$ cat upload14.cif   # mmCIF, C-alpha atoms
data_input
#
loop_
_atom_site.group_PDB
_atom_site.id
_atom_site.type_symbol
_atom_site.label_atom_id
_atom_site.label_comp_id
_atom_site.auth_asym_id
_atom_site.auth_seq_id
_atom_site.Cartn_x
_atom_site.Cartn_y
_atom_site.Cartn_z
ATOM 1 C CA MET Z 1174 -33.475 -4.784 16.369
ATOM 2 C CA TYR Z 1175 -35.175 -5.223 13.022
ATOM 3 C CA VAL Z 1176 -38.640 -6.725 13.480
ATOM 4 C CA PRO Z 1177 -40.876 -7.551 10.491
ATOM 5 C CA PRO Z 1178 -44.424 -6.313 11.174
ATOM 6 C CA LEU Z 1179 -45.780 -9.870 11.323
ATOM 7 C CA TYR Z 1180 -43.607 -10.631 14.346
ATOM 8 C CA GLN Z 1181 -44.042 -7.393 16.269
ATOM 9 C CA GLU Z 1182 -45.614 -7.839 19.689
ATOM 10 C CA GLN Z 1183 -46.728 -4.593 21.268
ATOM 11 C CA THR Z 1184 -48.425 -6.089 24.318
ATOM 12 C CA GLU Z 1185 -46.221 -5.351 27.296
ATOM 13 C CA ALA Z 1186 -47.797 -8.176 29.307
ATOM 14 C CA TRP Z 1187 -46.193 -10.644 26.904
ATOM 15 C CA MET Z 1188 -42.877 -8.799 27.071
ATOM 16 C CA ARG Z 1189 -42.976 -8.885 30.876
ATOM 17 C CA THR Z 1190 -43.634 -12.623 30.769
ATOM 18 C CA ILE Z 1191 -40.329 -13.105 28.933
ATOM 19 C CA LEU Z 1192 -38.507 -10.772 31.339
ATOM 20 C CA GLU Z 1193 -39.862 -12.716 34.307
ATOM 21 C CA GLN Z 1194 -39.317 -16.228 32.964
ATOM 22 C CA TYR Z 1195 -35.943 -15.557 31.301
ATOM 23 C CA PRO Z 1196 -34.308 -12.862 33.494
ATOM 24 C CA LEU Z 1197 -30.698 -13.540 32.501
ATOM 25 C CA ALA Z 1198 -30.101 -10.744 29.991
ATOM 26 C CA THR Z 1199 -27.198 -9.693 27.827
ATOM 27 C CA PHE Z 1200 -26.267 -6.124 28.757
ATOM 28 C CA ALA Z 1201 -24.551 -4.315 25.888
ATOM 29 C CA SER Z 1202 -22.965 -0.854 25.816
ATOM 30 C CA ASN Z 1203 -20.275 0.830 23.753
ATOM 31 C CA GLY Z 1204 -16.650 -0.156 24.246
ATOM 32 C CA PRO Z 1205 -13.366 1.246 22.911
ATOM 33 C CA ALA Z 1206 -13.274 -1.078 19.878
ATOM 34 C CA VAL Z 1207 -16.362 -3.294 19.993
ATOM 35 C CA PRO Z 1208 -19.387 -3.198 22.302
ATOM 36 C CA TYR Z 1209 -19.105 -4.652 25.772
ATOM 37 C CA ALA Z 1210 -21.528 -7.513 26.399
ATOM 38 C CA THR Z 1211 -22.147 -9.013 29.834
ATOM 39 C CA HIS Z 1212 -24.649 -11.674 30.868
ATOM 40 C CA LEU Z 1213 -26.362 -10.660 34.095
ATOM 41 C CA PRO Z 1214 -29.580 -11.187 36.085
ATOM 42 C CA VAL Z 1215 -32.209 -8.453 35.880
ATOM 43 C CA ILE Z 1216 -35.138 -7.691 38.175
ATOM 44 C CA PRO Z 1217 -37.565 -4.768 38.336
ATOM 45 C CA ALA Z 1218 -36.889 -2.071 40.919
ATOM 46 C CA PRO Z 1219 -39.375 -1.952 43.836
ATOM 47 C CA GLU Z 1220 -41.017 1.199 42.487
ATOM 48 C CA THR Z 1221 -41.658 -0.367 39.084
ATOM 49 C CA ALA Z 1222 -45.298 -1.395 38.769
ATOM 50 C CA PRO Z 1223 -45.723 -5.044 37.716
ATOM 51 C CA THR Z 1224 -48.293 -4.095 35.084
ATOM 52 C CA GLY Z 1225 -47.144 -0.586 34.240
ATOM 53 C CA PRO Z 1226 -45.442 0.528 31.016
ATOM 54 C CA LEU Z 1227 -41.909 -0.718 30.452
ATOM 55 C CA GLU Z 1228 -40.866 2.655 29.091
ATOM 56 C CA GLY Z 1229 -39.990 4.747 32.125
ATOM 57 C CA SER Z 1230 -39.564 1.720 34.386
ATOM 58 C CA VAL Z 1231 -36.364 0.864 36.263
ATOM 59 C CA MET Z 1232 -34.490 -2.446 36.324
ATOM 60 C CA LEU Z 1233 -31.865 -3.573 38.845
ATOM 61 C CA CYS Z 1234 -28.692 -5.293 37.628
ATOM 62 C CA HIS Z 1235 -25.328 -6.332 39.005
ATOM 63 C CA MET Z 1236 -22.012 -7.680 37.723
ATOM 64 C CA ASN Z 1237 -18.479 -8.451 38.885
ATOM 65 C CA ARG Z 1238 -16.473 -5.269 39.556
ATOM 66 C CA SER Z 1239 -13.426 -6.958 38.008
ATOM 67 C CA ASN Z 1240 -15.264 -6.957 34.684
ATOM 68 C CA PRO Z 1241 -13.843 -4.186 32.436
ATOM 69 C CA HIS Z 1242 -17.428 -3.481 31.444
ATOM 70 C CA TRP Z 1243 -18.117 -2.198 34.964
ATOM 71 C CA ALA Z 1244 -15.190 0.225 34.839
ATOM 72 C CA ALA Z 1245 -16.569 1.674 31.590
ATOM 73 C CA LEU Z 1246 -19.986 2.492 33.069
ATOM 74 C CA GLU Z 1247 -20.811 6.047 34.052
ATOM 75 C CA ASP Z 1248 -23.981 7.775 35.124
ATOM 76 C CA GLY Z 1249 -25.963 8.219 31.916
ATOM 77 C CA THR Z 1250 -24.187 5.506 29.899
ATOM 78 C CA GLN Z 1251 -26.558 4.301 27.198
ATOM 79 C CA GLY Z 1252 -27.054 0.567 26.876
ATOM 80 C CA ARG Z 1253 -29.367 -2.258 25.960
ATOM 81 C CA LEU Z 1254 -30.696 -5.259 27.874
ATOM 82 C CA ILE Z 1255 -31.396 -8.204 25.581
ATOM 83 C CA PHE Z 1256 -33.631 -11.004 26.876
ATOM 84 C CA ALA Z 1257 -33.791 -14.276 24.942
ATOM 85 C CA GLY Z 1258 -36.909 -16.410 25.330
ATOM 86 C CA PRO Z 1259 -37.418 -20.001 24.161
ATOM 87 C CA HIS Z 1260 -36.267 -20.906 20.657
ATOM 88 C CA SER Z 1261 -35.845 -23.888 18.364
ATOM 89 C CA TYR Z 1262 -35.110 -25.071 14.860
ATOM 90 C CA ILE Z 1263 -38.283 -25.690 12.819
ATOM 91 C CA THR Z 1264 -38.123 -28.553 10.327
ATOM 92 C CA PRO Z 1265 -40.006 -28.291 6.993
ATOM 93 C CA VAL Z 1266 -41.214 -31.869 7.543
ATOM 94 C CA ASP Z 1267 -44.113 -30.416 9.496
ATOM 95 C CA TYR Z 1268 -45.143 -28.176 6.598
ATOM 96 C CA GLN Z 1269 -46.006 -31.234 4.468
ATOM 97 C CA VAL Z 1270 -45.446 -29.170 1.325
ATOM 98 C CA THR Z 1271 -42.583 -28.784 -1.106
ATOM 99 C CA PRO Z 1272 -40.577 -26.788 -1.889
ATOM 100 C CA ALA Z 1273 -40.016 -25.472 1.626
ATOM 101 C CA SER Z 1274 -37.254 -24.060 3.771
ATOM 102 C CA PRO Z 1275 -36.426 -24.523 7.451
ATOM 103 C CA THR Z 1276 -36.400 -21.672 9.932
ATOM 104 C CA TRP Z 1277 -35.727 -20.867 13.569
ATOM 105 C CA ASP Z 1278 -38.557 -19.663 15.809
ATOM 106 C CA PHE Z 1279 -37.663 -17.527 18.805
ATOM 107 C CA VAL Z 1280 -38.683 -14.741 21.150
ATOM 108 C CA ALA Z 1281 -36.541 -11.745 22.106
ATOM 109 C CA VAL Z 1282 -37.162 -8.565 24.089
ATOM 110 C CA HIS Z 1283 -34.853 -5.531 23.969
ATOM 111 C CA LEU Z 1284 -34.862 -2.750 26.545
ATOM 112 C CA ALA Z 1285 -32.888 0.388 25.696
ATOM 113 C CA GLY Z 1286 -31.990 2.821 28.446
ATOM 114 C CA ARG Z 1287 -29.396 4.542 30.584
ATOM 115 C CA VAL Z 1288 -27.248 3.370 33.467
ATOM 116 C CA GLU Z 1289 -27.181 4.758 36.988
ATOM 117 C CA PRO Z 1290 -24.321 3.083 38.915
ATOM 118 C CA LEU Z 1291 -25.048 2.615 42.620
ATOM 119 C CA ASP Z 1292 -22.571 3.792 45.250
ATOM 120 C CA GLY Z 1293 -21.893 2.102 48.535
ATOM 121 C CA LEU Z 1294 -22.071 -1.400 49.916
ATOM 122 C CA GLU Z 1295 -25.581 -1.083 51.326
ATOM 123 C CA ALA Z 1296 -27.118 -0.118 47.985
ATOM 124 C CA THR Z 1297 -25.304 -3.002 46.314
ATOM 125 C CA LEU Z 1298 -26.379 -5.491 48.972
ATOM 126 C CA GLU Z 1299 -29.995 -4.382 48.567
ATOM 127 C CA VAL Z 1300 -29.856 -5.286 44.866
ATOM 128 C CA VAL Z 1301 -28.111 -8.616 45.457
ATOM 129 C CA THR Z 1302 -30.419 -9.605 48.316
ATOM 130 C CA ARG Z 1303 -33.567 -8.625 46.471
ATOM 131 C CA THR Z 1304 -32.409 -10.542 43.373
ATOM 132 C CA ALA Z 1305 -31.684 -13.687 45.400
ATOM 133 C CA GLU Z 1306 -35.026 -13.535 47.210
ATOM 134 C CA LEU Z 1307 -37.017 -12.988 44.022
ATOM 135 C CA PHE Z 1308 -35.296 -15.769 42.075
ATOM 136 C CA GLU Z 1309 -35.472 -18.226 44.970
ATOM 137 C CA ALA Z 1310 -39.217 -17.630 45.201
ATOM 138 C CA ARG Z 1311 -39.660 -18.008 41.448
ATOM 139 C CA PHE Z 1312 -37.175 -20.745 40.545
ATOM 140 C CA GLY Z 1313 -35.746 -22.139 43.767
ATOM 141 C CA ALA Z 1314 -36.640 -24.571 46.530
ATOM 142 C CA GLY Z 1315 -37.421 -22.361 49.516
ATOM 143 C CA TRP Z 1316 -33.862 -21.435 50.534
ATOM 144 C CA ASP Z 1317 -33.749 -18.830 53.319
ATOM 145 C CA ALA Z 1318 -31.099 -16.182 52.645
ATOM 146 C CA SER Z 1319 -31.157 -14.736 56.175
ATOM 147 C CA SER Z 1320 -28.334 -16.962 57.403
ATOM 148 C CA SER Z 1321 -26.108 -15.887 54.498
ATOM 149 C CA LEU Z 1322 -26.408 -12.099 54.799
ATOM 150 C CA ASP Z 1323 -22.990 -11.814 56.467
ATOM 151 C CA TYR Z 1324 -21.527 -13.794 53.583
ATOM 152 C CA PHE Z 1325 -23.255 -11.470 51.119
ATOM 153 C CA ARG Z 1326 -21.661 -8.552 52.949
ATOM 154 C CA SER Z 1327 -18.206 -10.148 52.778
ATOM 155 C CA ILE Z 1328 -18.332 -10.474 48.984
ATOM 156 C CA GLY Z 1329 -20.326 -7.307 48.301
ATOM 157 C CA SER Z 1330 -17.258 -5.171 47.649
ATOM 158 C CA GLY Z 1331 -16.598 -7.224 44.520
ATOM 159 C CA VAL Z 1332 -20.056 -6.560 43.082
ATOM 160 C CA GLY Z 1333 -21.078 -3.578 40.983
ATOM 161 C CA ALA Z 1334 -24.803 -2.804 40.990
ATOM 162 C CA PHE Z 1335 -26.723 -0.334 38.879
ATOM 163 C CA ARG Z 1336 -30.192 0.894 38.034
ATOM 164 C CA PHE Z 1337 -31.220 0.732 34.387
ATOM 165 C CA HIS Z 1338 -33.728 3.407 33.368
ATOM 166 C CA VAL Z 1339 -35.739 2.037 30.436
ATOM 167 C CA THR Z 1340 -36.336 4.515 27.609
ATOM 168 C CA SER Z 1341 -37.847 2.110 25.064
ATOM 169 C CA ALA Z 1342 -38.941 -1.511 24.726
ATOM 170 C CA ASP Z 1343 -39.013 -3.642 21.588
ATOM 171 C CA SER Z 1344 -39.747 -7.297 20.992
ATOM 172 C CA MET Z 1345 -39.864 -9.991 18.340
ATOM 173 C CA PHE Z 1346 -42.176 -12.986 18.690
ATOM 174 C CA LYS Z 1347 -41.324 -15.154 15.678
ATOM 175 C CA LEU Z 1348 -43.719 -18.062 16.196
ATOM 176 C CA SER Z 1349 -44.550 -19.295 12.680
ATOM 177 C CA GLN Z 1350 -47.359 -16.739 12.328
ATOM 178 C CA GLU Z 1351 -46.953 -16.896 8.563
ATOM 179 C CA LYS Z 1352 -48.034 -20.546 8.533
ATOM 180 C CA SER Z 1353 -51.549 -21.952 8.555
ATOM 181 C CA GLU Z 1354 -53.176 -23.062 11.782
ATOM 182 C CA ASP Z 1355 -52.786 -26.761 10.984
ATOM 183 C CA ILE Z 1356 -49.066 -26.338 10.220
ATOM 184 C CA ARG Z 1357 -48.517 -24.451 13.468
ATOM 185 C CA ALA Z 1358 -50.313 -27.260 15.305
ATOM 186 C CA ARG Z 1359 -47.909 -29.831 13.831
ATOM 187 C CA VAL Z 1360 -44.926 -27.637 14.706
ATOM 188 C CA ILE Z 1361 -46.124 -27.326 18.295
ATOM 189 C CA GLU Z 1362 -46.723 -31.086 18.540
ATOM 190 C CA ARG Z 1363 -43.182 -31.876 17.391
ATOM 191 C CA LEU Z 1364 -41.619 -29.285 19.698
ATOM 192 C CA ALA Z 1365 -43.632 -30.589 22.644
ATOM 193 C CA THR Z 1366 -42.132 -34.059 22.242
ATOM 194 C CA ALA Z 1367 -38.554 -32.870 21.741
ATOM 195 C CA ARG Z 1368 -35.814 -33.894 24.147
ATOM 196 C CA ARG Z 1369 -34.530 -30.327 24.429
ATOM 197 C CA GLY Z 1370 -36.058 -28.182 27.144
ATOM 198 C CA ALA Z 1371 -35.928 -25.029 25.019
ATOM 199 C CA ALA Z 1372 -38.027 -26.668 22.302
ATOM 200 C CA ARG Z 1373 -40.652 -27.821 24.783
ATOM 201 C CA ASP Z 1374 -40.745 -24.344 26.332
ATOM 202 C CA LEU Z 1375 -41.274 -22.894 22.869
ATOM 203 C CA ALA Z 1376 -44.180 -25.290 22.288
ATOM 204 C CA ASP Z 1377 -45.793 -24.130 25.534
ATOM 205 C CA LEU Z 1378 -45.363 -20.492 24.623
ATOM 206 C CA MET Z 1379 -46.667 -20.976 21.075
ATOM 207 C CA SER Z 1380 -49.750 -22.761 22.403
ATOM 208 C CA GLN Z 1381 -50.458 -20.026 24.938
ATOM 209 C CA TYR Z 1382 -49.780 -17.297 22.381
ATOM 210 C CA ALA Z 1383 -52.223 -18.853 19.928
ATOM 211 C CA LEU Z 1384 -54.922 -18.901 22.611
ATOM 212 C CA THR Z 1385 -54.545 -15.180 23.209
ATOM 213 C CA SER Z 1386 -56.279 -13.312 20.402
ATOM 214 C CA ALA Z 1387 -54.681 -10.282 18.779
ATOM 215 C CA PRO Z 1388 -57.433 -7.968 20.151
ATOM 216 C CA ALA Z 1389 -56.834 -9.318 23.640
ATOM 217 C CA ARG Z 1390 -53.110 -8.723 23.330
ATOM 218 C CA ALA Z 1391 -53.761 -5.215 22.036
ATOM 219 C CA ALA Z 1392 -55.960 -4.607 25.079
ATOM 220 C CA GLY Z 1393 -53.040 -5.574 27.292
ATOM 221 C CA GLU Z 1394 -54.428 -8.779 28.762
ATOM 222 C CA ARG Z 1395 -51.776 -10.634 30.685
ATOM 223 C CA PRO Z 1396 -51.130 -14.156 29.363
ATOM 224 C CA ALA Z 1397 -51.925 -17.015 31.662
ATOM 225 C CA ASP Z 1398 -49.057 -18.972 33.185
ATOM 226 C CA SER Z 1399 -47.954 -21.331 30.442
ATOM 227 C CA GLY Z 1400 -45.533 -23.235 32.631
ATOM 228 C CA VAL Z 1401 -42.575 -21.985 30.579
ATOM 229 C CA ALA Z 1402 -39.262 -22.322 32.433
#
$ encode --input "upload14.cif" --output "structure tokens"
Amino acid sequence: MYVPPLYQEQTEAWMRTILEQYPLATFASNGPAVPYATHLPVIPAPETAPTGPLEGSVMLCHMNRSNPHWAALEDGTQGRLIFAGPHSYITPVDYQVTPASPTWDFVAVHLAGRVEPLDGLEATLEVVTRTAELFEARFGAGWDASSSLDYFRSIGSGVGAFRFHVTSADSMFKLSQEKSEDIRARVIERLATARRGAARDLADLMSQYALTSAPARAAGERPADSGVA
């Protein structure tokens, strides 16, 4: 991913925020003609420290075994997990200058790494169960999975789970950094009143990002909960 220096975010706390709030990633790896690309949920493995470096960490993923992408995966297959954060069109109306051009603000995090397919139903069920429990706690309404474990087991043979060993992490936080503070404030105000959820989420993230100074981000301070997603 090409990232202009102005939009590079090296603070892994911010990257982890995107991974946690937007865990549905696009998993890409080489195919016979064009790359395979599968949308799948991603969670950190139990041994991955919540505040440790992303490089060297392990993510847990799963997909449908009927997917040709699964059949193409081998131990050591190189791939990329692409996480998309909030994004929105930015109108030049808020710049209050002319000439001007519109743009699109967005956040993306890329994790490169290698695949380790998991063998056996029990290993697969552990990934599926852990994913369901984590997402229910984060996004759900208190559903108890214990009564559905037999159902999980009945469909587990159709699921392919794997560990993703992260070798590098990259991100792009394009949040109108090139604009003045007053322009960014007007952009945030418009996004905050938008009907689209993604735009409002972007406004929240931009506000929180602006409150975290560059030195603080460089020191690895974890951003406060902005209420995104």
$ closest_residue --input "upload14.cif" --among "Z:Val1207, Z:Thr1366, Z:Arg1326, Z:Asp1278" --to "Ser1261 (chain Z)" --atoms "only C-alpha atoms"
Z:Asp1278
$ atom_distance --input "upload14.cif" --atom1 "CA of Val1280 (chain Z)" --atom2 "CA of Met1174 (chain Z)"
12.2 Å
$ resolve_selection --input "upload14.cif" --expression "the PyMOL selection byres ((chain Z and resi 1233) around 7)" --output "number ranges by chain"
Z: 1215-1218, 1231-1232, 1234, 1300, 1335-1337
$ closest_residue --input "upload14.cif" --among "Z:Lys1347, Z:Arg1189, Z:His1242, Z:His1260" --to "Ser1230 (chain Z)" --atoms "all atoms listed in the file"
Z:Arg1189
$ resolve_selection --input "upload14.cif" --expression "the PyMOL selection byres ((chain Z and resi 1292) around 12)" --output "ChimeraX atom specification"
/Z:1247-1248,1289-1291,1293-1300,1329-1330,1332-1336
$ closest_residue --input "upload14.cif" --among "Z:Tyr1324, Z:Tyr1195, Z:Tyr1268, Z:Phe1346" --to "Pro1214 (chain Z)" --atoms "only C-alpha atoms"
Z:Tyr1195
$ residues_near_point --input "upload14.cif" --point "(-50.9, -20.9, 21.8)" --cutoff "10 Å" --atoms "only C-alpha atoms" --output "ChimeraX atom specification"
/Z:1348,1357-1358,1361,1375-1386,1399
$ atom_distance --input "upload14.cif" --atom1 "CA of Leu1197 (chain Z)" --atom2 "CA of Phe1256 (chain Z)"
6.8 Å
$ resolve_selection --input "upload14.cif" --expression "the PyMOL selection byres ((chain Z and resi 1269) around 12)" --output "ChimeraX atom specification"
/Z:1264-1268,1270-1274,1352-1353,1355-1357,1359-1360
